[in-house]
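Structure file entry_17.cif with mmCIF, C-alpha atoms:
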```
data_data
#
loop_
_atom_site.label_atom_id
_atom_site.label_comp_id
_atom_site.auth_asym_id
_atom_site.auth_seq_id
_atom_site.Cartn_x
_atom_site.Cartn_y
_atom_site.Cartn_z
CA MET A 321 0.00 0.00 0.00
CA GLU A 322 1.10 3.55 -0.66
CA PRO A 323 2.51 5.01 2.58
CA GLU A 324 0.48 8.16 2.08
CA ARG A 325 -2.74 6.16 1.72
CA TRP A 326 -1.94 4.08 4.77
CA ARG A 327 -1.37 7.23 6.83
CA GLN A 328 -4.63 8.69 5.62
CA ILE A 329 -6.56 5.53 6.49
CA GLU A 330 -5.09 5.40 9.95
CA GLU A 331 -5.72 9.06 10.66
CA VAL A 332 -9.39 8.85 9.78
CA PHE A 333 -9.81 5.49 11.51
CA GLN A 334 -8.30 6.73 14.78
CA ALA A 335 -10.24 9.99 14.69
CA ALA A 336 -13.48 8.10 14.00
CA LEU A 337 -12.89 5.88 17.03
CA ASP A 338 -12.13 8.93 19.14
CA CYS A 339 -15.34 10.73 18.35
CA GLU A 340 -18.71 10.04 19.95
CA PRO A 341 -20.50 7.08 18.32
CA GLU A 342 -23.52 9.21 17.38
CA ARG A 343 -21.32 11.74 15.61
CA ARG A 344 -19.20 9.13 13.83
CA SER A 345 -21.19 8.83 10.67
CA ALA A 346 -21.27 12.59 10.10
CA PHE A 347 -17.56 12.77 10.85
CA LEU A 348 -16.78 10.07 8.27
CA ASP A 349 -18.78 11.83 5.56
CA THR A 350 -16.79 14.99 6.14
CA ALA A 351 -13.42 13.33 6.59
CA CYS A 352 -13.67 11.11 3.52
CA GLY A 353 -15.14 13.78 1.29
CA GLY A 354 -16.18 12.05 -1.87
CA ASP A 355 -13.59 9.28 -1.50
CA ARG A 356 -15.85 6.21 -1.56
CA SER A 357 -13.05 3.68 -1.28
CA LEU A 358 -11.61 5.44 1.76
CA LEU A 359 -15.02 5.44 3.40
CA GLN A 360 -15.47 1.73 2.68
CA GLU A 361 -12.03 0.95 4.03
CA ILE A 362 -12.66 2.82 7.28
CA GLU A 363 -16.10 1.30 7.72
CA SER A 364 -14.80 -2.21 7.29
CA LEU A 365 -11.99 -1.55 9.77
CA LEU A 366 -14.44 -0.11 12.29
CA GLY A 367 -16.62 -3.15 11.74
CA SER A 368 -13.82 -5.59 12.52
CA TYR A 369 -12.76 -3.47 15.50
CA GLN A 370 -16.25 -3.75 17.00
CA LYS A 371 -16.88 -7.33 16.05
CA GLY A 372 -13.89 -8.71 17.94
CA GLY A 373 -12.20 -11.80 16.62
CA PHE A 374 -9.18 -14.03 16.73
CA THR A 375 -7.02 -11.47 18.52
CA GLU A 376 -8.97 -12.05 21.73
CA ALA A 377 -7.17 -15.38 22.19
CA PRO A 378 -3.45 -14.57 22.00
CA ALA A 379 -1.38 -17.29 20.39
CA PHE A 380 1.10 -16.85 23.23
CA HIS A 381 -0.79 -19.42 25.30
CA ASP A 382 -0.66 -21.95 22.47
CA ALA A 383 3.09 -21.46 22.21
CA VAL A 384 3.54 -21.98 25.95
CA ARG A 385 1.52 -25.19 25.77
CA LEU A 386 3.65 -26.43 22.88
CA ILE A 387 6.86 -25.71 24.76
CA GLU A 388 5.57 -27.31 27.94
CA LYS A 389 4.55 -30.37 26.02
CA ASP A 390 8.08 -30.74 24.72
CA TYR A 391 9.40 -30.52 28.23
CA SER A 392 7.04 -33.00 29.78
CA VAL A 393 7.55 -36.04 27.68
CA ALA A 394 7.16 -38.81 30.25
CA GLY A 395 4.09 -40.83 29.46
CA ARG A 396 3.90 -39.49 25.93
CA ARG A 397 3.14 -42.12 23.34
CA ILE A 398 5.07 -42.47 20.12
CA GLY A 399 3.79 -45.23 17.91
CA PRO A 400 3.47 -48.39 20.02
CA TYR A 401 5.88 -47.05 22.64
CA ARG A 402 5.46 -44.98 25.77
CA VAL A 403 8.20 -42.59 26.81
CA ILE A 404 9.79 -43.30 30.19
CA ARG A 405 12.33 -40.50 30.35
CA GLU A 406 14.75 -38.44 28.34
CA ILE A 407 18.16 -40.08 27.96
CA GLY A 408 19.89 -37.09 26.48
CA HIS A 409 19.53 -34.29 24.00
CA GLY A 410 21.61 -32.46 21.46
CA GLY A 411 21.15 -29.35 19.40
CA LEU A 412 18.60 -30.91 17.10
CA GLY A 413 16.65 -33.36 19.11
CA ALA A 414 16.44 -35.64 22.05
CA VAL A 415 16.70 -39.35 22.71
CA TYR A 416 14.12 -40.94 24.97
CA LEU A 417 14.01 -44.22 26.79
CA ALA A 418 10.69 -45.83 25.95
CA ALA A 419 8.94 -49.16 26.35
CA ARG A 420 6.21 -51.05 24.56
CA ALA A 421 2.95 -49.51 25.62
CA ASP A 422 0.68 -52.36 24.63
CA GLN A 423 2.11 -54.95 27.03
CA ALA A 424 2.50 -57.31 24.06
CA PHE A 425 5.99 -58.01 25.32
CA ARG A 426 8.63 -56.21 27.35
CA LYS A 427 11.06 -54.28 25.26
CA GLU A 428 12.93 -51.11 26.03
CA VAL A 429 13.99 -48.93 23.14
CA ALA A 430 15.63 -45.59 22.50
CA ILE A 431 13.62 -43.14 20.40
CA LYS A 432 15.24 -40.19 18.74
CA LEU A 433 12.96 -37.27 17.95
CA ILE A 434 13.61 -33.86 16.44
CA LYS A 435 13.02 -30.96 18.77
CA ARG A 436 10.01 -28.86 17.94
CA GLY A 437 10.84 -25.49 16.47
CA LEU A 438 13.91 -26.94 14.81
CA ASP A 439 11.99 -28.94 12.24
CA THR A 440 13.05 -26.94 9.21
CA GLU A 441 13.24 -28.74 5.87
CA SER A 442 17.03 -28.93 5.94
CA ILE A 443 17.14 -30.32 9.47
CA ILE A 444 14.48 -32.88 8.66
CA GLN A 445 16.48 -33.89 5.62
CA ARG A 446 19.53 -34.34 7.79
CA PHE A 447 17.58 -36.34 10.32
CA ARG A 448 16.22 -38.59 7.59
CA SER A 449 19.68 -39.22 6.22
CA GLU A 450 20.87 -40.19 9.69
CA ARG A 451 17.97 -42.61 9.87
CA GLN A 452 18.84 -43.97 6.45
CA ILE A 453 22.50 -44.45 7.41
CA LEU A 454 21.44 -46.36 10.48
CA ALA A 455 18.96 -48.45 8.50
CA SER A 456 21.62 -49.52 6.04
CA LEU A 457 24.18 -50.56 8.68
CA ASP A 458 24.00 -54.07 10.02
CA HIS A 459 26.73 -54.90 12.49
CA PRO A 460 26.90 -56.18 16.08
CA ASN A 461 28.79 -53.05 17.07
CA ILE A 462 26.23 -50.68 15.72
CA THR A 463 22.89 -50.06 17.34
CA ARG A 464 20.11 -51.39 15.18
CA LEU A 465 17.32 -49.32 13.78
CA LEU A 466 14.07 -50.98 14.80
CA ASP A 467 11.42 -48.66 13.48
CA GLY A 468 10.70 -45.16 12.35
CA GLY A 469 7.86 -42.85 11.53
CA THR A 470 6.41 -39.40 11.73
CA THR A 471 4.42 -38.02 14.63
CA GLU A 472 1.04 -36.47 13.87
CA ASP A 473 2.57 -33.03 14.06
CA GLY A 474 5.08 -33.93 11.39
CA LEU A 475 8.21 -34.60 13.43
CA PRO A 476 10.20 -37.59 12.17
CA TYR A 477 11.53 -40.07 14.71
CA PHE A 478 13.32 -43.36 14.77
CA VAL A 479 13.43 -46.22 17.20
CA MET A 480 16.72 -47.93 18.07
CA GLU A 481 17.66 -50.73 20.40
CA TYR A 482 18.40 -49.35 23.83
CA ILE A 483 21.94 -49.80 25.08
CA GLN A 484 23.12 -48.52 28.41
CA GLY A 485 26.20 -46.77 27.20
CA GLN A 486 28.14 -43.73 28.17
CA PRO A 487 29.08 -40.67 26.17
CA MET A 488 32.42 -40.91 24.43
CA ASP A 489 33.89 -37.92 26.24
CA SER A 490 33.17 -39.37 29.69
CA TYR A 491 34.44 -42.75 28.47
CA CYS A 492 37.71 -41.06 27.52
CA GLU A 493 37.71 -39.06 30.72
CA ALA A 494 37.31 -42.18 32.86
CA ARG A 495 40.28 -43.77 31.13
CA GLN A 496 42.31 -40.59 31.24
CA LEU A 497 43.07 -40.80 27.56
CA ASN A 498 45.34 -38.13 26.18
CA THR A 499 44.51 -35.91 23.26
CA VAL A 500 46.13 -38.14 20.66
CA GLU A 501 44.30 -41.19 21.91
CA ARG A 502 41.07 -39.26 21.98
CA SER A 503 41.41 -38.03 18.46
CA GLY A 504 42.13 -41.59 17.36
CA PHE A 505 38.89 -42.54 19.00
CA SER A 506 37.04 -39.70 17.35
CA ARG A 507 38.28 -40.72 13.95
CA GLY A 508 37.24 -44.28 14.58
CA PHE A 509 33.81 -43.25 15.69
CA ALA A 510 33.27 -40.19 13.59
CA PRO A 511 30.06 -41.06 11.83
CA ARG A 512 31.32 -39.66 8.58
CA PHE A 513 33.48 -42.68 7.94
CA ASN A 514 32.55 -44.62 4.89
CA THR A 515 35.72 -46.54 4.18
CA PRO A 516 36.37 -50.12 5.36
CA THR A 517 39.52 -49.01 7.20
CA ARG A 518 37.68 -46.69 9.44
CA ILE A 519 34.93 -49.14 10.15
CA SER A 520 37.43 -51.76 11.25
CA SER A 521 39.24 -49.36 13.54
CA PHE A 522 35.89 -48.57 15.03
CA THR A 523 35.00 -52.27 15.37
CA ALA A 524 38.26 -53.00 17.13
CA THR A 525 37.21 -50.94 20.09
CA SER A 526 34.38 -53.39 20.75
CA SER A 527 31.91 -50.72 21.53
CA ARG A 528 28.75 -49.70 19.89
CA ALA A 529 28.19 -46.48 18.07
CA MET A 530 24.78 -45.00 18.66
CA SER A 531 24.65 -41.59 17.14
CA TRP A 532 25.14 -41.01 13.46
CA SER A 533 24.78 -37.33 13.08
CA GLN A 534 27.33 -35.21 11.37
CA PRO A 535 30.38 -34.87 13.60
CA LYS A 536 30.41 -31.11 13.27
CA ALA A 537 26.97 -30.97 14.83
CA PHE A 538 27.55 -33.69 17.44
CA PRO A 539 31.23 -33.66 18.35
CA SER A 540 30.81 -36.51 20.79
CA CYS A 541 28.99 -39.65 19.82
CA TRP A 542 27.85 -42.39 22.15
CA ILE A 543 29.44 -45.71 22.75
CA SER A 544 28.60 -48.69 24.85
CA ALA A 545 30.32 -48.88 28.23
CA SER A 546 30.85 -52.59 28.15
CA PRO A 547 32.88 -54.21 25.40
CA SER A 548 30.77 -56.58 23.39
CA SER A 549 33.55 -58.95 22.44
CA MET B 711 26.93 -15.94 16.94
CA ARG B 712 25.37 -14.20 13.98
CA ARG B 713 28.30 -14.81 11.68
CA GLU B 714 28.63 -18.47 12.43
CA ARG B 715 26.89 -21.28 10.69
CA PRO B 716 23.09 -21.68 10.74
CA ASP B 717 23.20 -24.49 13.35
CA HIS B 718 24.08 -21.89 15.91
CA THR B 719 20.96 -19.91 15.18
CA LEU B 720 18.97 -23.05 15.80
CA GLN B 721 20.75 -23.72 19.05
CA THR B 722 20.13 -20.14 20.08
CA THR B 723 16.45 -20.70 19.43
CA ALA B 724 16.50 -23.75 21.66
CA LEU B 725 18.25 -21.80 24.38
CA VAL B 726 15.72 -19.02 24.20
CA HIS B 727 12.91 -21.56 24.64
CA GLU B 728 14.48 -22.75 27.81
CA ALA B 729 15.40 -19.32 29.10
CA TYR B 730 11.92 -18.04 28.36
CA LEU B 731 10.27 -20.68 30.47
CA ARG B 732 12.47 -19.72 33.36
CA LEU B 733 11.83 -16.04 32.93
CA VAL B 734 8.05 -16.15 32.60
CA GLY B 735 6.63 -14.95 35.87
CA GLN B 736 9.82 -13.35 37.09
CA ARG B 737 8.93 -9.70 37.12
CA ASN B 738 11.72 -8.14 39.12
CA ILE B 739 14.26 -8.16 36.32
CA ARG B 740 15.53 -4.78 35.14
CA TRP B 741 13.29 -3.38 32.42
CA GLN B 742 15.85 -2.83 29.75
CA THR B 743 16.94 -6.44 29.86
CA ARG B 744 13.49 -7.86 30.35
CA ILE B 745 11.87 -6.00 27.49
CA HIS B 746 14.54 -6.91 24.98
CA PHE B 747 14.26 -10.45 26.06
CA PHE B 748 10.49 -10.49 25.67
CA ALA B 749 10.70 -8.92 22.24
CA ALA B 750 13.03 -11.72 21.14
CA ALA B 751 10.86 -14.27 22.87
CA ALA B 752 7.74 -13.05 21.04
CA GLN B 753 9.54 -13.77 17.78
CA VAL B 754 10.54 -17.19 19.00
CA MET B 755 6.97 -17.96 20.05
CA ARG B 756 5.78 -16.96 16.62
CA HIS B 757 8.35 -19.23 14.97
CA ILE B 758 7.48 -22.16 17.20
CA LEU B 759 3.82 -21.86 16.32
CA VAL B 760 4.37 -21.37 12.62
CA ASP B 761 6.81 -24.30 12.46
CA HIS B 762 4.39 -26.46 14.35
CA ALA B 763 1.48 -25.48 12.13
CA ARG B 764 3.56 -26.18 9.02
CA GLY B 765 4.54 -29.53 10.48
CA ARG B 766 0.89 -30.35 10.90
CA ARG B 767 0.25 -29.56 7.27
CA ARG B 768 3.21 -31.65 6.23
CA ALA B 769 1.94 -34.56 8.31
CA LYS B 770 -1.51 -34.27 6.78
CA ARG B 771 -0.07 -34.17 3.31
CA GLY B 772 1.96 -37.28 4.05
CA ASP B 773 5.63 -37.61 3.35
CA GLY B 774 5.92 -41.25 2.42
CA MET B 775 6.74 -42.28 5.97
CA PRO B 776 4.39 -44.58 7.87
CA GLU B 777 2.10 -42.35 9.84
CA LEU B 778 2.13 -43.25 13.49
CA SER B 779 0.39 -40.81 15.70
CA LEU B 780 0.82 -39.69 19.26
CA ASP B 781 -2.29 -40.65 21.15
CA GLU B 782 -2.24 -37.62 23.37
CA ALA B 783 -4.40 -34.56 23.14
CA VAL B 784 -3.49 -32.37 20.20
CA VAL B 785 -2.21 -28.98 21.25
CA LEU B 786 -3.45 -27.14 18.19
CA SER B 787 -6.52 -28.08 16.21
CA ASP B 788 -6.17 -28.18 12.43
CA GLN B 789 -8.32 -25.09 12.25
CA ARG B 790 -6.15 -23.25 14.75
CA ALA B 791 -3.00 -24.29 12.88
CA ASP B 792 -4.41 -22.91 9.62
CA GLU B 793 -5.47 -19.75 11.40
CA LEU B 794 -1.97 -19.22 12.79
CA LEU B 795 -0.42 -19.59 9.36
CA ALA B 796 -2.89 -17.04 7.99
CA VAL B 797 -2.11 -14.65 10.87
CA ASN B 798 1.57 -15.04 10.15
CA ASP B 799 1.10 -14.17 6.47
CA ALA B 800 -1.20 -11.24 7.22
CA LEU B 801 1.22 -9.96 9.84
CA MET B 802 4.02 -9.97 7.29
CA SER B 803 1.92 -7.72 5.04
CA LEU B 804 1.13 -5.39 7.93
CA THR B 805 4.79 -5.21 8.93
CA ALA B 806 5.75 -4.36 5.37
CA ASP B 807 3.35 -1.39 5.41
CA ASP B 808 3.88 -0.35 9.01
CA PRO B 809 6.78 -1.98 10.88
CA ARG B 810 5.93 -0.50 14.27
CA LYS B 811 2.39 -1.85 14.19
CA GLY B 812 3.71 -5.21 13.10
CA ARG B 813 6.05 -5.25 16.09
CA VAL B 814 3.32 -4.19 18.50
CA PHE B 815 1.05 -6.93 17.24
CA GLU B 816 3.78 -9.50 17.55
CA LEU B 817 4.50 -8.48 21.14
CA ARG B 818 0.85 -8.58 22.17
CA TYR B 819 -0.39 -11.57 20.22
CA PHE B 820 2.64 -13.87 20.19
CA GLY B 821 4.49 -12.48 23.20
CA GLY B 822 1.43 -12.26 25.44
CA MET B 823 2.31 -8.78 26.66
CA SER B 824 -0.08 -6.13 27.94
CA VAL B 825 -0.30 -2.70 26.30
CA ASP B 826 1.78 -1.15 29.09
CA GLU B 827 4.44 -3.84 28.89
CA ALA B 828 4.61 -3.69 25.11
CA ALA B 829 4.98 0.09 25.11
CA GLU B 830 8.48 -0.30 26.53
CA ALA B 831 9.77 -2.14 23.53
CA PRO B 832 9.19 0.23 20.60
CA LYS B 833 9.74 3.13 23.05
CA VAL B 834 6.37 4.76 22.53
CA SER B 835 3.86 6.00 25.07
CA PRO B 836 1.19 3.53 26.20
CA ALA B 837 -1.40 5.82 24.59
CA THR B 838 0.29 5.64 21.21
CA LEU B 839 0.76 1.94 21.61
CA ALA B 840 -2.92 1.45 22.40
CA ARG B 841 -3.75 3.25 19.17
CA ASP B 842 -1.24 1.16 17.23
CA TRP B 843 -2.79 -1.93 18.70
CA ARG B 844 -6.36 -1.07 17.84
CA MET B 845 -5.42 -0.24 14.27
CA ALA B 846 -3.26 -3.35 13.91
CA LYS B 847 -5.86 -5.73 15.31
CA SER B 848 -8.73 -4.20 13.29
CA TRP B 849 -6.70 -4.45 10.13
CA LEU B 850 -5.59 -8.02 10.84
CA ARG B 851 -9.07 -9.16 11.83
CA ARG B 852 -10.46 -7.86 8.58
CA GLU B 853 -7.60 -9.38 6.63
CA MET B 854 -8.12 -12.73 8.34
CA GLY B 855 -11.82 -12.60 7.56
CA ASP B 856 -10.91 -12.12 3.90
CA ARG B 857 -8.30 -14.87 3.97
CA LEU B 858 -10.20 -17.53 5.88
CA GLY B 859 -13.62 -16.49 4.62
CA ASP B 860 -15.30 -17.07 7.98
CA GLY B 861 -15.17 -13.65 9.54
CA ALA B 862 -12.43 -14.76 11.93
#
```

Could you rewrite the structure in this file as structure tokens?
Amino acid sequence: MEPERWRQIEEVFQAALDCEPERRSAFLDTACGGDRSLLQEIESLLGSYQKGGFTEAPAFHDAVRLIEKDYSVAGRRIGPYRVIREIGHGGLGAVYLAARADQAFRKEVAIKLIKRGLDTESIIQRFRSERQILASLDHPNITRLLDGGTTEDGLPYFVMEYIQGQPMDSYCEARQLNTVERSGFSRGFAPRFNTPTRISSFTATSSRAMSWSQPKAFPSCWISASPSS
Amino acid sequence: MRRERPDHTLQTTALVHEAYLRLVGQRNIRWQTRIHFFAAAAQVMRHILVDHARGRRRAKRGDGMPELSLDEAVVLSDQRADELLAVNDALMSLTADDPRKGRVFELRYFGGMSVDEAAEAPKVSPATLARDWRMAKSWLRREMGDRLGDGA
């Protein structure tokens, strides 16, 4: 809209609201002169001012409910699983410990879910490729992908076997590994590996890799505390 | 942070979520800090809602993944999600024509602030802000009625 027109509309609109209701119509005739479209514009604005509408329920409360929901996940159901607690979270999402909700059998799993508000197309793409990487890897030292899906509000998730592991940095800390040893570890575990050499160096540690995000986003990945062989 | 890669913006968003929850209800913080924080938070709230509403649309459309739903109460109805997306679009038009009114609306509607609280942010008197607000909401209500066709 032309700035001049916008100013004119506002001036007349505000003045009309300021004057006594019984004088309003006469005021508008004078103020708009013969400008029919200005008169129509003001009348429709006055109409929506008086009628009320969506602005009476601020969206603020919806946003607070959404945030709270993200922070109170225990008991939440995702597919056939019920969330028990959060295991950990990174910049993009969180991993939850969950169990079968239908009592069909006992099975604890880890579910990784994107954090709400971060579900942009590029992040979702990245999340999907992590899921695809995991789906295509089949090895005793790699956590298996069990299932995956999309929540009703469009957030992708995947279900992995649950392993009681410990983060790589605390693993290294506990063993007082020096920087060189640590970086060797990181290379072995860095999820970007795609050569046989790197996979074997990773296998040799007898631990299980659990997070497959890009190393630059998740500098520490997770490994199992107890050697599996 | 601004000059670093986009991930950092996302992490900042996540931090603001958390900080916001802690700050809501704490009223004895110095105004200058508080008001800037709330202005940023109002933007974050808007983004959260819009992202969520878009997610809902995406889920409805289907993305080739098996659709497993959460069996909990839905926070936003489909109608509300569509309404929020329409508000967001209409608010962008308003902001293009009149940035101050756009900001005022964002603070009140997405940030949940009162007229007096919101007046601190664009540094205008509460009286001016009240006028901005009544113009902004009348314009947006009419616009929404046109967009959604139900006199919202």

Close residues, Gln360 in chain A itself excluded, 12 Å, all atoms listed in the file, min 4 positions apart in chain, as an mmCIF file with C-alpha atoms, in the frame of the given file:
```cif
data_model
loop_
_atom_site.group_PDB
_atom_site.id
_atom_site.type_symbol
_atom_site.label_atom_id
_atom_site.label_comp_id
_atom_site.auth_asym_id
_atom_site.auth_seq_id
_atom_site.Cartn_x
_atom_site.Cartn_y
_atom_site.Cartn_z
ATOM 1 C CA ILE A 329 -6.560 5.530 6.490
ATOM 2 C CA VAL A 332 -9.390 8.850 9.780
ATOM 3 C CA PHE A 333 -9.810 5.490 11.510
ATOM 4 C CA LEU A 348 -16.780 10.070 8.270
ATOM 5 C CA ASP A 349 -18.780 11.830 5.560
ATOM 6 C CA CYS A 352 -13.670 11.110 3.520
ATOM 7 C CA GLY A 354 -16.180 12.050 -1.870
ATOM 8 C CA ASP A 355 -13.590 9.280 -1.500
ATOM 9 C CA ARG A 356 -15.850 6.210 -1.560
ATOM 10 C CA SER A 364 -14.800 -2.210 7.290
ATOM 11 C CA LEU A 365 -11.990 -1.550 9.770
ATOM 12 C CA LEU A 366 -14.440 -0.110 12.290
ATOM 13 C CA GLY A 367 -16.620 -3.150 11.740
#
```

**Asked** Could you spell out the hits of the PyMOL selection byres ((chain A) within 6 of (chain B)) on the shown file, as a list in words?
**Response**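 Output from the PyMOL selection byres ((chain A) within 6 of (chain B)), applied to this file: Leu365, Ser368, Tyr369, Gly373, Phe374, Pro378, Ala379, Phe380, Ala383, Arg397, Ile398, Gly399, Gly411, Gly437, Gly469, Thr470, Thr471, Glu472, Asp473 and Gly474 of chain A.
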
**Message:** Tell me which residues come within 7 Å of (7.6, -4.8, 25.5), as a ChimeraX atom specification, counting only C-alpha atoms in the file's coordinates.
**Reply:** /B:745,748-749,817,823,827-831

**Asked** Could you state the separation of CA of Gln753 in chain B and CA of Ser442 in chain A in Å, given to one decimal place?
**Response**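 Going from CA of Gln753 in chain B over to CA of Ser442 in chain A, I get 20.6 Å.
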
Rebuild range 323-334 of chain A to N, CA, C and O atoms - output it as a short mmCIF file (atom, residue, chain, number, x, y, z; two decimals), in the coordinates of the input, please.
```
data_model
loop_
_atom_site.label_atom_id
_atom_site.label_comp_id
_atom_site.auth_asym_id
_atom_site.auth_seq_id
_atom_site.Cartn_x
_atom_site.Cartn_y
_atom_site.Cartn_z
N PRO A 323 2.38 4.49 1.20
CA PRO A 323 2.51 5.01 2.58
C PRO A 323 1.54 6.16 2.87
O PRO A 323 0.97 6.23 3.96
N GLU A 324 1.35 7.00 1.88
CA GLU A 324 0.48 8.16 2.08
C GLU A 324 -0.97 7.71 2.33
O GLU A 324 -1.66 8.21 3.22
N ARG A 325 -1.38 6.70 1.58
CA ARG A 325 -2.74 6.16 1.72
C ARG A 325 -2.90 5.51 3.09
O ARG A 325 -3.91 5.69 3.77
N TRP A 326 -1.90 4.76 3.47
CA TRP A 326 -1.94 4.08 4.77
C TRP A 326 -2.07 5.09 5.90
O TRP A 326 -2.86 4.92 6.82
N ARG A 327 -1.30 6.18 5.80
CA ARG A 327 -1.37 7.23 6.83
C ARG A 327 -2.75 7.85 6.89
O ARG A 327 -3.30 8.09 7.96
N GLN A 328 -3.31 8.06 5.71
CA GLN A 328 -4.63 8.69 5.62
C GLN A 328 -5.69 7.77 6.26
O GLN A 328 -6.52 8.22 7.06
N ILE A 329 -5.60 6.49 5.93
CA ILE A 329 -6.56 5.53 6.49
C ILE A 329 -6.47 5.52 8.01
O ILE A 329 -7.47 5.57 8.72
N GLU A 330 -5.23 5.48 8.50
CA GLU A 330 -5.09 5.40 9.95
C GLU A 330 -5.61 6.66 10.64
O GLU A 330 -6.29 6.59 11.66
N GLU A 331 -5.31 7.80 10.04
CA GLU A 331 -5.72 9.06 10.66
C GLU A 331 -7.24 9.12 10.81
O GLU A 331 -7.76 9.43 11.88
N VAL A 332 -7.93 8.78 9.73
CA VAL A 332 -9.39 8.85 9.78
C VAL A 332 -9.94 7.78 10.71
O VAL A 332 -10.86 8.02 11.50
N PHE A 333 -9.35 6.59 10.65
CA PHE A 333 -9.81 5.49 11.51
C PHE A 333 -9.69 5.86 12.99
O PHE A 333 -10.63 5.70 13.77
N GLN A 334 -8.52 6.38 13.36
CA GLN A 334 -8.30 6.73 14.78
C GLN A 334 -9.23 7.86 15.21
O GLN A 334 -9.82 7.81 16.29
#
```
